[in-house]
Amino acid sequence: MSTSSKPRIVLYSCDACPWAHRTRIALKAAGTEHEIFEIHLPVKPEWYPKINPAGKVPALSYGTPAGSDVSDPPAGTFILAESALIVQFVASLFPLIDYQDLVVRAKASFVQLQFDNLVAPHWAKLQWKGGQAEDLDALVQGLKTWSLSLPEEILGTECGVADILLAPFVTRLFIMSEADVGAWAPGTGPKLISAISGPEYANLHRFAKKLRNWNLVKETIDQEALVQRLSELFRKTWEEKYAGKTDGKVVS
């Protein structure tokens with residue numbers, strides 16, 4: 001099949017968004033040609049609601065005529081929103097990006113769902129809303145339960161769809177905690193890292209190391225730029241919420 005006969009894929013993304021990061025990893029794993037159109041979320045283009053009426057990223061168009069304007073795809077163009085749906089669609093086009101053993105695939109999918117239940121809500125509340133001591137405790141307990149449930153089959157070098165869905169969130173949890181970047185009180189990030197250093201968290205660290213070392217993750221995100229961008233985002237929160245309580249410390 002010639003390159004020109006392949007359906008055109010356009011991804012509407014935002015480099016700092018973990019949900020969009022999922023889709024960049026999936027397309028990179030597929031090894032297929034695609035275009036990425038960066039959407040600046042604070043000031044989205046006026047035309048973007050035509051792509052996704054919810055105004056969110058990511059979104060993906062498939063089969064758009066070559067040379068057509070990405071801001072005004074022809075009527076009837078297939079456009080898909082929601083990161084998990086996009087990753088699953090890419091996997092349906094390129095099945096080799098997923099685990100080939102169906103039992104391992106099912107186990108990995110359950111792991112991903114358990115992360116959403118046990119970890120994600122507590123992490124979001126802590127990082128983005130500051131949270132309280134009990135929120136940190138709930139996150140630590142959720143990570144412990146999740147770590148102890150991780151099956152050996154997904155701790156090796158093989159990766160699949162579940163890893164793609166988890167990678168942006170698991171890696172950011174460690175990256176942002178180590179850098180102490182969040183709406184939380186100063187020192188909360190390192191405190192979290194210390195709290196999850198025991199042997200019951202061994203599988204969590206193995207899995208996180210696997211994802212952080214995965215070439216497809218490293219090639220689809222600029223970690224230094226991400227930390228800097230979120231540091232700037234949270235700077236105002238720190239200065240307003242913790243003024244006079246930080247000995248002059250702000251995110252840098």
# chains A, B, ... in the order shown; residues from 1 in each chain; ligands from 1
call {"tool": "select_by_dssp", "arguments": {"residues": "region 132-206 of chain A", "states": "helix (DSSP H, G or I)", "output": "MDAnalysis selection string"}}
result
chainID A and resid 133:149 152:154 161:179 188:195 199:206
call {"tool": "select_by_dssp", "arguments": {"residues": "region 46-154 of chain A", "states": "strand (DSSP E)", "output": "list in words"}}
result
Ala59, Leu60, Ser61, Tyr62, Phe78, Ile79, Leu80 and Ala81 of chain A
call {"tool": "write_last_selection", "arguments": {"atoms": "N, CA and C atoms", "output": "CSV table (one decimal), in the first residue's frame"}}
result
chain,number,residue,atom,x,y,z
A,59,ALA,N,-8.6,14.9,20.5
A,59,ALA,CA,-9.5,14.5,19.5
A,59,ALA,C,-8.8,14.0,18.3
A,60,LEU,N,-9.4,13.1,17.5
A,60,LEU,CA,-8.7,12.6,16.4
A,60,LEU,C,-9.6,12.5,15.2
A,61,SER,N,-9.1,13.0,14.0
A,61,SER,CA,-9.9,12.8,12.8
A,61,SER,C,-9.2,11.7,12.0
A,62,TYR,N,-10.0,10.9,11.3
A,62,TYR,CA,-9.5,9.8,10.5
A,62,TYR,C,-10.1,9.8,9.1
A,78,PHE,N,-14.8,11.4,10.0
A,78,PHE,CA,-14.9,10.7,11.3
A,78,PHE,C,-14.0,11.3,12.3
A,79,ILE,N,-14.6,11.8,13.4
A,79,ILE,CA,-13.8,12.5,14.4
A,79,ILE,C,-14.2,11.8,15.8
A,80,LEU,N,-13.2,11.5,16.5
A,80,LEU,CA,-13.3,10.7,17.8
A,80,LEU,C,-12.7,11.5,18.9
A,81,ALA,N,-13.4,11.7,20.0
A,81,ALA,CA,-12.9,12.3,21.2
A,81,ALA,C,-12.8,11.3,22.3
call {"tool": "residues_around", "arguments": {"residues": "region 97-107 of chain A", "least_positions_apart": "6", "cutoff": "7 Å", "atoms": "only C-alpha atoms", "output": "MDAnalysis selection string"}}
result
chainID A and resid 29:30 91 153 159:161
call {"tool": "atom_distance", "arguments": {"atom1": "CA of Phe94 (chain A)", "atom2": "CA of Leu226 (chain A)"}}
result
28.8 Å
call {"tool": "residues_around", "arguments": {"residues": "Ala133 (chain A)", "least_positions_apart": "3", "cutoff": "12 Å", "atoms": "only C-alpha atoms", "output": "VMD selection string"}}
result
chain A and resid 122 125 to 126 130 136 to 140 184 to 185 188 191 to 192
call {"tool": "atom_distance", "arguments": {"atom1": "CA of Ala75 (chain A)", "atom2": "CA of Pro42 (chain A)"}}
result
27.2 Å
call {"tool": "residues_around", "arguments": {"residues": "Tyr12 (chain A)", "least_positions_apart": "5", "cutoff": "8 Å", "atoms": "only C-alpha atoms", "output": "PyMOL selection string"}}
result
chain A and resi 36-39+57-60
call {"tool": "write_last_selection", "arguments": {"atoms": "all heavy atoms", "output": "short mmCIF file (atom, residue, chain, number, x, y, z; two decimals), in the first residue's frame"}}
result
data_model
loop_
_atom_site.label_atom_id
_atom_site.label_comp_id
_atom_site.auth_asym_id
_atom_site.auth_seq_id
_atom_site.Cartn_x
_atom_site.Cartn_y
_atom_site.Cartn_z
N ILE A 36 0.05 16.10 14.15
CA ILE A 36 -0.36 16.59 15.45
C ILE A 36 -0.59 18.09 15.36
O ILE A 36 0.30 18.84 14.95
CB ILE A 36 0.68 16.27 16.54
CG1 ILE A 36 0.86 14.76 16.68
CG2 ILE A 36 0.27 16.90 17.88
CD1 ILE A 36 1.88 14.35 17.73
N PHE A 37 -1.79 18.50 15.74
CA PHE A 37 -2.12 19.92 15.77
C PHE A 37 -2.26 20.32 17.23
O PHE A 37 -3.12 19.81 17.94
CB PHE A 37 -3.42 20.21 15.01
CG PHE A 37 -3.63 21.67 14.73
CD1 PHE A 37 -3.24 22.22 13.53
CD2 PHE A 37 -4.20 22.50 15.69
CE1 PHE A 37 -3.41 23.58 13.28
CE2 PHE A 37 -4.38 23.85 15.45
CZ PHE A 37 -3.98 24.39 14.24
N GLU A 38 -1.38 21.20 17.67
CA GLU A 38 -1.34 21.60 19.08
C GLU A 38 -2.45 22.60 19.39
O GLU A 38 -2.63 23.61 18.69
CB GLU A 38 0.02 22.21 19.40
CG GLU A 38 0.27 22.45 20.87
CD GLU A 38 0.52 21.18 21.66
OE1 GLU A 38 0.67 20.11 21.04
OE2 GLU A 38 0.60 21.27 22.90
N ILE A 39 -3.21 22.31 20.44
CA ILE A 39 -4.29 23.19 20.90
C ILE A 39 -3.84 23.83 22.21
O ILE A 39 -3.51 23.14 23.17
CB ILE A 39 -5.60 22.41 21.12
CG1 ILE A 39 -6.05 21.74 19.82
CG2 ILE A 39 -6.68 23.33 21.67
CD1 ILE A 39 -6.43 22.70 18.71
N VAL A 57 -9.25 18.23 24.76
CA VAL A 57 -8.32 17.40 23.99
C VAL A 57 -8.13 16.10 24.76
O VAL A 57 -8.33 16.06 25.97
CB VAL A 57 -6.95 18.11 23.80
CG1 VAL A 57 -7.10 19.33 22.93
CG2 VAL A 57 -6.30 18.46 25.13
N PRO A 58 -7.79 15.05 24.02
CA PRO A 58 -7.49 15.00 22.60
C PRO A 58 -8.74 14.76 21.77
O PRO A 58 -9.81 14.43 22.29
CB PRO A 58 -6.57 13.79 22.51
CG PRO A 58 -7.12 12.86 23.55
CD PRO A 58 -7.52 13.74 24.69
N ALA A 59 -8.56 14.94 20.48
CA ALA A 59 -9.54 14.51 19.49
C ALA A 59 -8.75 14.02 18.28
O ALA A 59 -7.60 14.42 18.07
CB ALA A 59 -10.47 15.64 19.10
N LEU A 60 -9.35 13.13 17.51
CA LEU A 60 -8.66 12.55 16.37
C LEU A 60 -9.60 12.50 15.19
O LEU A 60 -10.75 12.07 15.32
CB LEU A 60 -8.14 11.16 16.72
CG LEU A 60 -7.40 10.38 15.62
CD1 LEU A 60 -6.24 9.59 16.22
CD2 LEU A 60 -8.33 9.42 14.89
#
call {"tool": "closest_residue", "arguments": {"among": "A:Ile51, A:Ile154, A:Ile86, A:Leu113", "to": "Ser71 (chain A)", "atoms": "only C-alpha atoms"}}
result
A:Ile51
call {"tool": "atom_distance", "arguments": {"atom1": "CA of Thr171 (chain A)", "atom2": "CA of Leu211 (chain A)"}}
result
6.8 Å
call {"tool": "closest_residue", "arguments": {"among": "A:Glu46, A:Asp180, A:Glu33, A:Glu82", "to": "Arg235 (chain A)", "atoms": "only C-alpha atoms"}}
result
A:Asp180
call {"tool": "closest_residue", "arguments": {"among": "A:Ile9, A:Leu118, A:Leu150, A:Leu230", "to": "Ser177 (chain A)", "atoms": "only C-alpha atoms"}}
result
A:Leu230
call {"tool": "closest_residue", "arguments": {"among": "A:Val10, A:Ala84, A:Leu173, A:Ala202", "to": "Gly63 (chain A)", "atoms": "only C-alpha atoms"}}
result
A:Val10
